[in-house]
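For reference, protein02.txt (compact mmCIF, C-alpha atoms):
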# COMPACT_ATOMS: atom_id res chain seq x y z
CA MET A 1384 119.20 108.97 122.59
CA LEU A 1385 115.96 110.30 124.02
CA GLU A 1386 117.92 112.25 126.62
CA LYS A 1387 120.11 113.79 123.89
CA ILE A 1388 117.03 115.00 122.03
CA ALA A 1389 115.47 116.38 125.22
CA LYS A 1390 118.65 118.30 126.09
CA THR A 1391 118.79 119.67 122.55
CA ILE A 1392 115.23 120.97 122.74
CA GLN A 1393 115.86 122.42 126.19
CA SER A 1394 118.86 124.37 124.86
CA LEU A 1395 116.82 126.07 122.14
CA THR A 1396 115.79 129.09 124.15
CA GLU A 1397 115.20 131.34 121.13
CA ALA A 1398 113.54 128.91 118.71
CA LYS A 1399 109.74 128.86 118.57
CA ARG A 1400 109.37 126.00 116.10
CA LEU A 1401 111.39 122.85 115.60
CA TRP A 1402 111.60 121.10 112.23
CA ILE A 1403 112.89 117.56 111.74
CA GLY A 1404 114.57 116.82 108.43
CA TYR A 1405 112.67 113.67 107.43
CA SER A 1406 113.74 111.69 104.37
CA GLY A 1407 111.68 108.63 105.24
CA GLY A 1408 114.83 106.60 105.88
CA LEU A 1409 115.90 104.78 109.04
CA ASP A 1410 117.95 107.52 110.69
CA SER A 1411 115.52 110.39 110.18
CA HIS A 1412 112.56 108.20 111.21
CA VAL A 1413 114.26 107.40 114.52
CA LEU A 1414 115.05 111.09 115.01
CA LEU A 1415 111.43 112.05 114.26
CA GLU A 1416 110.00 109.42 116.61
CA LEU A 1417 112.39 110.35 119.43
CA THR A 1418 111.68 114.06 119.01
CA VAL A 1419 107.94 113.45 119.21
CA ARG A 1420 108.46 111.53 122.43
CA ALA A 1421 110.75 114.18 123.92
CA PHE A 1422 108.43 116.95 122.82
CA LYS A 1423 105.80 116.00 125.37
CA LYS A 1424 107.96 117.67 128.03
CA PHE A 1425 108.07 120.96 126.10
CA PRO A 1426 104.51 122.02 125.27
CA ASP A 1427 105.52 125.60 124.44
CA TYR A 1428 107.31 124.52 121.25
CA GLN A 1429 105.78 123.74 117.87
CA ILE A 1430 107.05 120.77 115.89
CA GLY A 1431 106.97 119.85 112.22
CA ALA A 1432 108.69 117.59 109.70
CA VAL A 1433 110.15 118.71 106.38
CA HIS A 1434 110.87 116.38 103.46
CA VAL A 1435 112.90 117.35 100.38
CA HIS A 1436 111.81 115.76 97.09
CA HIS A 1437 114.92 115.85 94.87
CA GLY A 1438 113.24 114.67 91.67
CA ILE A 1439 115.97 112.08 91.07
CA SER A 1440 114.71 108.63 92.06
CA GLU A 1441 111.74 106.97 90.37
CA PHE A 1442 110.57 106.10 93.90
CA ALA A 1443 110.60 109.71 95.18
CA ASP A 1444 106.82 110.12 94.97
CA ALA A 1445 106.33 106.91 96.94
CA TRP A 1446 108.70 108.20 99.61
CA VAL A 1447 106.55 111.31 99.98
CA LYS A 1448 103.46 109.14 100.54
CA HIS A 1449 105.32 107.09 103.14
CA CYS A 1450 106.40 110.25 104.97
CA GLU A 1451 102.85 111.60 104.87
CA GLN A 1452 101.51 108.39 106.43
CA VAL A 1453 104.12 108.26 109.18
CA CYS A 1454 103.62 111.92 110.07
CA ALA A 1455 99.87 111.49 110.10
CA ASP A 1456 100.23 108.57 112.52
CA LEU A 1457 102.49 110.70 114.76
CA GLN A 1458 100.22 113.74 114.37
CA VAL A 1459 103.13 115.84 113.08
CA PRO A 1460 102.52 118.31 110.23
CA LEU A 1461 104.67 117.58 107.17
CA THR A 1462 105.96 120.07 104.60
CA VAL A 1463 107.36 118.80 101.29
CA LEU A 1464 109.92 120.92 99.43
CA TRP A 1465 110.31 120.15 95.71
CA VAL A 1466 113.75 120.77 94.19
CA ASP A 1467 115.67 119.76 91.08
CA GLY A 1468 118.66 117.84 92.38
CA ARG A 1469 119.80 116.43 89.02
CA ALA A 1470 123.43 116.97 88.05
CA THR A 1471 123.68 118.58 84.62
CA ASP A 1472 127.08 120.30 84.51
CA GLY A 1473 129.55 117.52 85.23
CA ARG A 1474 129.47 118.11 88.99
CA SER A 1475 129.08 115.33 91.54
CA PRO A 1476 125.44 114.18 91.85
CA GLU A 1477 125.92 114.06 95.61
CA GLU A 1478 127.13 117.66 95.68
CA VAL A 1479 124.31 118.96 93.48
CA ALA A 1480 121.61 117.20 95.50
CA ARG A 1481 123.10 118.42 98.79
CA GLU A 1482 123.33 121.98 97.51
CA ALA A 1483 119.75 121.94 96.22
CA ARG A 1484 118.54 120.51 99.53
CA PHE A 1485 120.21 123.11 101.72
CA ASP A 1486 119.23 125.96 99.40
CA ALA A 1487 115.59 124.92 99.74
CA LEU A 1488 115.83 124.49 103.51
CA GLU A 1489 117.53 127.87 103.93
CA LYS A 1490 114.70 129.60 102.06
CA PHE A 1491 112.08 127.64 103.99
CA LEU A 1492 113.29 128.16 107.57
CA GLN A 1493 112.33 131.29 109.46
CA LYS A 1494 114.55 133.24 111.84
CA ASP A 1495 113.02 131.78 115.01
CA GLU A 1496 113.05 128.17 113.78
CA CYS A 1497 115.55 125.32 114.13
CA LEU A 1498 116.15 122.23 112.01
CA LEU A 1499 117.21 118.86 113.42
CA LEU A 1500 119.20 116.52 111.16
CA ALA A 1501 119.77 112.80 111.70
CA HIS A 1502 123.48 112.44 110.89
CA HIS A 1503 125.16 109.94 113.21
CA GLU A 1504 128.64 108.73 114.13
CA ALA A 1505 129.20 106.67 110.97
CA ASP A 1506 128.14 109.61 108.79
CA GLN A 1507 130.71 111.72 110.61
CA THR A 1508 133.43 109.14 110.02
CA GLU A 1509 132.63 108.98 106.29
CA THR A 1510 132.75 112.77 106.05
CA ILE A 1511 136.13 112.95 107.78
CA LEU A 1512 137.62 110.28 105.51
CA LEU A 1513 136.29 111.94 102.35
CA ARG A 1514 137.82 115.24 103.43
CA LEU A 1515 141.08 113.50 104.31
CA PHE A 1516 141.27 112.12 100.77
CA ARG A 1517 140.77 115.66 99.43
CA GLY A 1518 143.72 116.89 101.50
CA CYS A 1519 141.78 119.06 103.95
CA GLY A 1520 143.40 120.62 107.01
CA PRO A 1521 142.30 120.49 110.69
CA LEU A 1522 139.07 122.42 110.13
CA GLY A 1523 137.93 120.13 107.33
CA LEU A 1524 139.02 117.04 109.25
CA SER A 1525 136.89 118.09 112.21
CA GLY A 1526 133.95 116.79 110.20
CA MET A 1527 130.40 118.03 110.40
CA PRO A 1528 129.59 120.49 113.21
CA ASP A 1529 126.94 119.45 115.71
CA LYS A 1530 125.30 122.84 115.18
CA ALA A 1531 125.61 125.63 112.63
CA THR A 1532 123.69 128.50 111.08
CA LEU A 1533 121.61 128.17 107.93
CA GLY A 1534 120.66 131.59 106.65
CA GLU A 1535 118.97 133.32 109.59
CA SER A 1536 118.11 130.05 111.33
CA GLN A 1537 120.18 127.17 112.65
CA PHE A 1538 120.42 123.41 112.38
CA ILE A 1539 121.53 120.82 114.93
CA ARG A 1540 122.72 117.22 114.64
CA PRO A 1541 121.80 115.72 118.03
CA LEU A 1542 122.74 112.14 117.04
CA LEU A 1543 126.21 112.93 115.70
CA THR A 1544 127.98 110.85 118.39
CA VAL A 1545 125.44 108.00 118.34
CA PRO A 1546 126.56 104.72 116.69
CA LYS A 1547 124.55 103.53 113.70
CA GLU A 1548 123.97 100.19 115.44
CA GLU A 1549 122.18 101.89 118.32
CA ILE A 1550 119.85 103.68 115.91
CA LEU A 1551 119.05 100.43 114.10
CA GLN A 1552 118.45 98.59 117.37
CA TYR A 1553 116.01 101.28 118.52
CA ALA A 1554 114.11 101.16 115.22
CA GLU A 1555 113.77 97.37 115.41
CA GLU A 1556 112.64 97.46 119.04
CA GLN A 1557 109.99 100.07 118.23
CA LYS A 1558 108.97 98.18 115.06
CA LEU A 1559 109.43 101.29 112.92
CA THR A 1560 109.12 101.15 109.14
CA TRP A 1561 111.28 103.14 106.76
CA VAL A 1562 112.21 103.44 103.10
CA GLU A 1563 115.56 102.55 101.56
CA ASP A 1564 117.01 104.99 99.04
CA ASP A 1565 117.95 102.85 96.03
CA SER A 1566 120.99 105.05 95.36
CA ASN A 1567 122.52 104.12 98.73
CA ALA A 1568 123.71 100.80 97.28
CA ASN A 1569 125.44 102.40 94.30
CA THR A 1570 129.16 102.32 95.05
CA ARG A 1571 129.84 104.67 92.14
CA PHE A 1572 129.21 107.40 94.71
CA ASP A 1573 132.21 108.05 96.96
CA ARG A 1574 130.31 107.95 100.24
CA ASN A 1575 128.63 104.66 99.36
CA PHE A 1576 131.97 103.18 98.29
CA LEU A 1577 133.38 104.05 101.70
CA ARG A 1578 130.31 102.74 103.49
CA HIS A 1579 130.04 99.40 101.71
CA GLU A 1580 133.59 98.59 100.58
CA ILE A 1581 136.12 100.33 102.82
CA LEU A 1582 134.72 100.82 106.32
CA PRO A 1583 133.57 97.18 106.74
CA LYS A 1584 137.14 96.03 106.01
CA LEU A 1585 138.62 98.61 108.36
CA SER A 1586 136.13 97.65 111.08
CA ALA A 1587 136.95 93.96 110.67
CA ARG A 1588 140.61 94.73 111.40
CA TRP A 1589 140.03 97.55 113.92
CA PRO A 1590 136.55 97.11 115.48
CA ARG A 1591 136.50 100.59 117.04
CA VAL A 1592 137.72 102.44 113.95
CA VAL A 1593 134.49 104.39 113.41
CA ARG A 1594 134.53 105.71 116.97
CA SER A 1595 138.27 106.44 116.77
CA ILE A 1596 137.98 108.45 113.54
CA SER A 1597 135.04 110.38 114.92
CA ARG A 1598 137.02 111.25 118.06
CA ALA A 1599 140.01 112.26 115.93
CA GLY A 1600 137.66 114.70 114.21
CA ALA A 1601 136.77 116.22 117.58
CA LEU A 1602 140.49 116.70 118.32
CA CYS A 1603 140.98 118.35 114.94
CA LEU A 1604 138.17 120.75 115.84
CA GLU A 1605 139.99 121.72 119.04
CA THR A 1606 143.17 122.36 117.04
CA ALA A 1607 141.32 124.35 114.38
CA THR A 1608 139.63 126.44 117.07
CA ALA A 1609 142.97 127.27 118.71
CA VAL A 1610 144.45 128.24 115.33
CA GLN A 1611 141.41 130.42 114.64
CA VAL A 1612 141.84 132.27 117.94
CA LEU A 1613 145.49 133.02 117.17
CA ALA A 1614 144.63 134.04 113.59
CA ASN A 1615 141.99 136.48 114.82
CA GLN A 1616 144.52 138.08 117.15
CA ASP A 1617 147.03 138.42 114.32
CA LEU A 1618 144.35 139.73 111.99
CA ASN A 1619 143.49 142.61 114.30
CA ALA A 1620 147.16 143.57 114.44
CA ILE A 1621 147.84 143.70 110.70
CA LYS A 1622 144.77 145.39 109.25
CA GLY A 1623 145.39 147.86 106.44
CA GLN A 1624 144.11 151.37 106.02
CA ASN A 1625 140.50 150.20 105.88
CA GLU A 1626 138.73 147.47 107.81
CA HIS A 1627 138.65 145.07 104.85
CA SER A 1628 142.31 145.24 103.80
CA LEU A 1629 145.56 143.88 105.18
CA SER A 1630 148.99 145.45 105.49
CA VAL A 1631 151.35 143.43 103.29
CA SER A 1632 154.47 144.53 105.18
CA ARG A 1633 153.06 143.48 108.56
CA LEU A 1634 151.72 140.26 107.07
CA LEU A 1635 155.18 139.35 105.78
CA GLN A 1636 156.61 139.75 109.28
CA LEU A 1637 154.71 136.65 110.37
CA ASP A 1638 156.15 133.18 109.82
CA PRO A 1639 154.56 131.29 106.87
CA VAL A 1640 152.29 129.11 109.03
CA ARG A 1641 150.77 132.04 110.93
CA ARG A 1642 150.57 134.03 107.69
CA ARG A 1643 148.45 131.32 106.07
CA GLY A 1644 146.23 131.20 109.13
CA VAL A 1645 145.61 134.95 108.97
CA MET A 1646 144.89 134.79 105.24
CA ARG A 1647 142.31 132.03 105.70
CA CYS A 1648 140.70 133.91 108.58
CA TRP A 1649 140.61 137.13 106.55
CA LEU A 1650 139.13 135.48 103.45
CA GLN A 1651 136.51 133.69 105.54
CA ALA A 1652 135.50 137.02 107.11
CA GLN A 1653 135.04 138.44 103.59
CA GLY A 1654 132.69 135.58 102.64
CA CYS A 1655 135.21 133.82 100.38
CA SER A 1656 135.59 130.07 99.98
CA PHE A 1657 138.72 128.52 101.50
CA PRO A 1658 141.73 128.56 99.16
CA SER A 1659 143.65 125.35 98.55
CA ARG A 1660 147.23 124.87 99.74
CA ASP A 1661 148.42 125.52 96.17
CA HIS A 1662 146.45 128.77 96.04
CA MET A 1663 147.92 129.83 99.39
CA GLU A 1664 151.42 129.30 98.02
CA ARG A 1665 150.57 131.30 94.89
CA ILE A 1666 149.21 134.16 97.01
CA ASP A 1667 152.44 134.23 98.96
CA ARG A 1668 154.72 133.94 95.92
CA GLU A 1669 152.86 135.95 93.27
CA VAL A 1670 151.09 138.60 95.35
CA LEU A 1671 152.75 139.14 98.72
CA GLN A 1672 156.31 138.68 97.45
CA ALA A 1673 155.80 140.80 94.31
CA GLN A 1674 157.99 143.83 93.67
CA PRO A 1675 156.82 146.98 95.56
CA GLY A 1676 155.81 148.80 92.38
CA ALA A 1677 153.82 145.89 90.95
CA LYS A 1678 150.04 145.56 91.14
CA PRO A 1679 149.53 141.79 91.12
CA LYS A 1680 146.13 140.10 91.01
CA LEU A 1681 145.21 136.47 91.55
CA LYS A 1682 141.78 135.01 90.75
CA ILE A 1683 140.60 132.19 93.02
CA SER A 1684 137.17 130.65 92.52
CA ASP A 1685 134.70 133.57 92.65
CA TYR A 1686 137.02 136.24 94.06
CA GLU A 1687 140.22 138.09 93.21
CA ILE A 1688 143.06 139.05 95.54
CA CYS A 1689 144.81 142.32 94.66
CA ARG A 1690 147.83 144.20 96.02
CA ILE A 1691 148.37 147.94 95.57
CA ARG A 1692 151.50 149.11 97.37
CA ASP A 1693 151.09 147.90 100.97
CA GLU A 1694 147.34 147.17 100.76
CA LEU A 1695 145.98 143.68 100.18
CA THR A 1696 142.30 143.61 99.17
CA VAL A 1697 139.81 141.04 97.93
CA THR A 1698 137.09 141.62 95.32
CA HIS A 1699 134.13 139.32 94.71
CA LEU A 1700 133.53 138.34 91.08
CA VAL A 1701 130.27 137.26 89.47
CA GLN A 1702 129.40 133.98 91.17
CA THR A 1703 128.72 131.08 88.83
CA GLN A 1704 128.27 128.40 91.45
CA LYS A 1705 128.48 128.04 95.21
CA ASP A 1706 131.56 126.66 96.84
CA SER A 1707 131.49 123.07 97.98
CA PHE A 1708 131.83 123.72 101.71
CA LEU A 1709 128.16 123.07 102.40
CA PRO A 1710 126.97 121.09 105.40
CA ALA A 1711 127.30 117.41 104.65
Entire entry expressed as structure tokens:
Amino acid sequence: MLEKIAKTIQSLTEAKRLWIGYSGGLDSHVLLELTVRAFKKFPDYQIGAVHVHHGISEFADAWVKHCEQVCADLQVPLTVLWVDGRATDGRSPEEVAREARFDALEKFLQKDECLLLAHHEADQTETILLRLFRGCGPLGLSGMPDKATLGESQFIRPLLTVPKEEILQYAEEQKLTWVEDDSNANTRFDRNFLRHEILPKLSARWPRVVRSISRAGALCLETATAVQVLANQDLNAIKGQNEHSLSVSRLLQLDPVRRRGVMRCWLQAQGCSFPSRDHMERIDREVLQAQPGAKPKLKISDYEICRIRDELTVTHLVQTQKDSFLPA
């Protein structure tokens, strides 16, 4: 694991400061401790830890004190971000807390900074299964990316292929101390239900199931990448009269599978959330296949797809909430 962290730091040629997302839990404590050890080889970098206080658990203030003590012992500066992660509008508590956390981190990070997150192989497996149950395609089933942008900065998950058992073994060998989030035992939350009820049973029957699902995610990423390359090529060939529109007639010349790929690629380029399979079918049936003289419109989430003669355009509506495709 130490070598993974060192290689990650070495690859950050443009980042001047490295932040470790530190919750106080086992995984992020191991990541913090390993990064501090690896950092001795890279004196030109600055390092810090950032903790997000969600305002949900009655123990949240105690977690902050624990993080402050650990960081003081490691001589790592700690920044605490205070957010309101409570669900008030019927949305998933997990989703609201995650959204609040990443919103705060995006505002906090500067352009020349990078954030390290402690997600590991089991986290990846849980994410893939949750997306499978929602009916996601290859891109969704590829799981969490090992690196991605966050505003003008970036974040990296250097432990994404590391088994949970290896992280726990390291923590016990180093006699690390960590806090346990009381909500992690609540199987009312989907991820916890998977973690405590489903995956142990799957692992008892198929001992390597976590590794296998994680590797399947990597294969899905390869497939999604190949589809994206083809969709980009098609997109360049069927643009409309302006750079943000598509030619309906040329779009209809593609077979349905390639047509859906182009539509997803086009909508993503316009900053729109991914449409569901049902929405894709409605776009095809109600908009693309409409009579030539019609001017059909279809509202999806926070945007509207319109057709005027041979031009297909998308218009952003007033946004009431962010889409759910945030980093897990």
TODO: For a cut-off of 10 Å around (113.6, 114.4, 90.7), file coordinates, pick out all residues using all atoms listed in the file and list them as number ranges by chain.
DONE: A: 1436-1444, 1465-1469, 1480
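Taking CA of Glu1489 in chain A and CA of Leu1533 in chain A as endpoints, the distance between them is 5.7 Å.
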Interface rows for range 1581-1669 of chain A against range 1687-1697 of chain A: nearest pair, Å to one decimal, 10 Å, only C-alpha atoms, as a Markdown table:
| residue | atom | partner | partner_atom | distance |
| --- | --- | --- | --- | --- |
| A:Lys1622 | CA | A:Glu1694 | CA | 9.0 |
| A:Gly1623 | CA | A:Glu1694 | CA | 6.0 |
| A:Gln1624 | CA | A:Glu1694 | CA | 7.5 |
| A:Asn1625 | CA | A:Glu1694 | CA | 9.1 |
| A:His1627 | CA | A:Thr1696 | CA | 6.9 |
| A:Ser1628 | CA | A:Thr1696 | CA | 4.9 |
| A:Leu1629 | CA | A:Leu1695 | CA | 5.0 |
| A:Ser1630 | CA | A:Glu1694 | CA | 5.3 |
| A:Val1631 | CA | A:Asp1693 | CA | 5.0 |
| A:Ser1632 | CA | A:Asp1693 | CA | 6.4 |
| A:Arg1633 | CA | A:Asp1693 | CA | 9.0 |
| A:Leu1634 | CA | A:Leu1695 | CA | 9.6 |
| A:Trp1649 | CA | A:Val1697 | CA | 9.5 |
| A:Leu1650 | CA | A:Val1697 | CA | 7.9 |
| A:Gln1653 | CA | A:Val1697 | CA | 7.8 |
| A:Cys1655 | CA | A:Val1697 | CA | 8.9 |
| A:Ile1666 | CA | A:Ile1688 | CA | 8.0 |
- [ ] Could you please determine the separation between CA of Cys1519 in chain A and CA of Cys1603 in chain A in Å, to one decimal place?
- [x] 11.0 Å
TODO: Would you mind telling me which residue in A:His1434, A:Lys1387, A:Arg1598, A:Arg1574 lies nearest to Arg1420 in chain A when using all atoms listed in the file?
DONE: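 Among the listed residues, A:Lys1387 lies closest to Arg1420 in chain A.
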Residue neighbourhood range 1680-1685 of chain A, 12 Å, all atoms listed in the file, exclusion window fewer than 6 positions, as a PDB file with C-alpha atoms, in the coordinates of the input:
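As a result, out21.pdb now contains:
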ATOM      1  CA  LEU A1650     139.130 135.480 103.450  1.00  0.00           C
ATOM      2  CA  GLN A1653     135.040 138.440 103.590  1.00  0.00           C
ATOM      3  CA  GLY A1654     132.690 135.580 102.640  1.00  0.00           C
ATOM      4  CA  CYS A1655     135.210 133.820 100.380  1.00  0.00           C
ATOM      5  CA  SER A1656     135.590 130.070  99.980  1.00  0.00           C
ATOM      6  CA  PHE A1657     138.720 128.520 101.500  1.00  0.00           C
ATOM      7  CA  PRO A1658     141.730 128.560  99.160  1.00  0.00           C
ATOM      8  CA  SER A1659     143.650 125.350  98.550  1.00  0.00           C
ATOM      9  CA  ARG A1660     147.230 124.870  99.740  1.00  0.00           C
ATOM     10  CA  ASP A1661     148.420 125.520  96.170  1.00  0.00           C
ATOM     11  CA  HIS A1662     146.450 128.770  96.040  1.00  0.00           C
ATOM     12  CA  MET A1663     147.920 129.830  99.390  1.00  0.00           C
ATOM     13  CA  GLU A1664     151.420 129.300  98.020  1.00  0.00           C
ATOM     14  CA  ARG A1665     150.570 131.300  94.890  1.00  0.00           C
ATOM     15  CA  ILE A1666     149.210 134.160  97.010  1.00  0.00           C
ATOM     16  CA  ASP A1667     152.440 134.230  98.960  1.00  0.00           C
ATOM     17  CA  ARG A1668     154.720 133.940  95.920  1.00  0.00           C
ATOM     18  CA  GLU A1669     152.860 135.950  93.270  1.00  0.00           C
ATOM     19  CA  VAL A1670     151.090 138.600  95.350  1.00  0.00           C
ATOM     20  CA  LEU A1671     152.750 139.140  98.720  1.00  0.00           C
ATOM     21  CA  ALA A1673     155.800 140.800  94.310  1.00  0.00           C
ATOM     22  CA  ILE A1691     148.370 147.940  95.570  1.00  0.00           C
ATOM     23  CA  LEU A1695     145.980 143.680 100.180  1.00  0.00           C
ATOM     24  CA  THR A1696     142.300 143.610  99.170  1.00  0.00           C
ATOM     25  CA  VAL A1697     139.810 141.040  97.930  1.00  0.00           C
ATOM     26  CA  THR A1698     137.090 141.620  95.320  1.00  0.00           C
ATOM     27  CA  HIS A1699     134.130 139.320  94.710  1.00  0.00           C
ATOM     28  CA  LEU A1700     133.530 138.340  91.080  1.00  0.00           C
ATOM     29  CA  VAL A1701     130.270 137.260  89.470  1.00  0.00           C
ATOM     30  CA  GLN A1702     129.400 133.980  91.170  1.00  0.00           C
ATOM     31  CA  THR A1703     128.720 131.080  88.830  1.00  0.00           C
ATOM     32  CA  GLN A1704     128.270 128.400  91.450  1.00  0.00           C
ATOM     33  CA  LYS A1705     128.480 128.040  95.210  1.00  0.00           C
ATOM     34  CA  ASP A1706     131.560 126.660  96.840  1.00  0.00           C
ATOM     35  CA  SER A1707     131.490 123.070  97.980  1.00  0.00           C
TER      36      SER A1707
END
- [ ] Would you list the residues near (124.2, 110.7, 118.5) (no more than 12 Å away, in the coordinates of the file, using only C-alpha atoms) as number ranges by chain?
- [x] A: 1384-1388, 1391, 1410, 1413-1414, 1417, 1499-1507, 1529, 1539-1550, 1594, 1597
What does the file look like for those residues with C-alpha atoms, as a compact mmCIF listing (two decimals), in the frame of the given file?
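Writing done, so here's result-v3.txt:
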# COMPACT_ATOMS: atom_id res chain seq x y z
CA MET A 1384 119.20 108.97 122.59
CA LEU A 1385 115.96 110.30 124.02
CA GLU A 1386 117.92 112.25 126.62
CA LYS A 1387 120.11 113.79 123.89
CA ILE A 1388 117.03 115.00 122.03
CA THR A 1391 118.79 119.67 122.55
CA ASP A 1410 117.95 107.52 110.69
CA VAL A 1413 114.26 107.40 114.52
CA LEU A 1414 115.05 111.09 115.01
CA LEU A 1417 112.39 110.35 119.43
CA LEU A 1499 117.21 118.86 113.42
CA LEU A 1500 119.20 116.52 111.16
CA ALA A 1501 119.77 112.80 111.70
CA HIS A 1502 123.48 112.44 110.89
CA HIS A 1503 125.16 109.94 113.21
CA GLU A 1504 128.64 108.73 114.13
CA ALA A 1505 129.20 106.67 110.97
CA ASP A 1506 128.14 109.61 108.79
CA GLN A 1507 130.71 111.72 110.61
CA ASP A 1529 126.94 119.45 115.71
CA ILE A 1539 121.53 120.82 114.93
CA ARG A 1540 122.72 117.22 114.64
CA PRO A 1541 121.80 115.72 118.03
CA LEU A 1542 122.74 112.14 117.04
CA LEU A 1543 126.21 112.93 115.70
CA THR A 1544 127.98 110.85 118.39
CA VAL A 1545 125.44 108.00 118.34
CA PRO A 1546 126.56 104.72 116.69
CA LYS A 1547 124.55 103.53 113.70
CA GLU A 1548 123.97 100.19 115.44
CA GLU A 1549 122.18 101.89 118.32
CA ILE A 1550 119.85 103.68 115.91
CA ARG A 1594 134.53 105.71 116.97
CA SER A 1597 135.04 110.38 114.92
Open item on the list: What does the structure give for the distance between CA of Trp1561 in chain A and CA of Gln1458 in chain A, in Å to one decimal?
Closed with: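 Pair CA of Trp1561 in chain A / CA of Gln1458 in chain A returns 17.1 Å.
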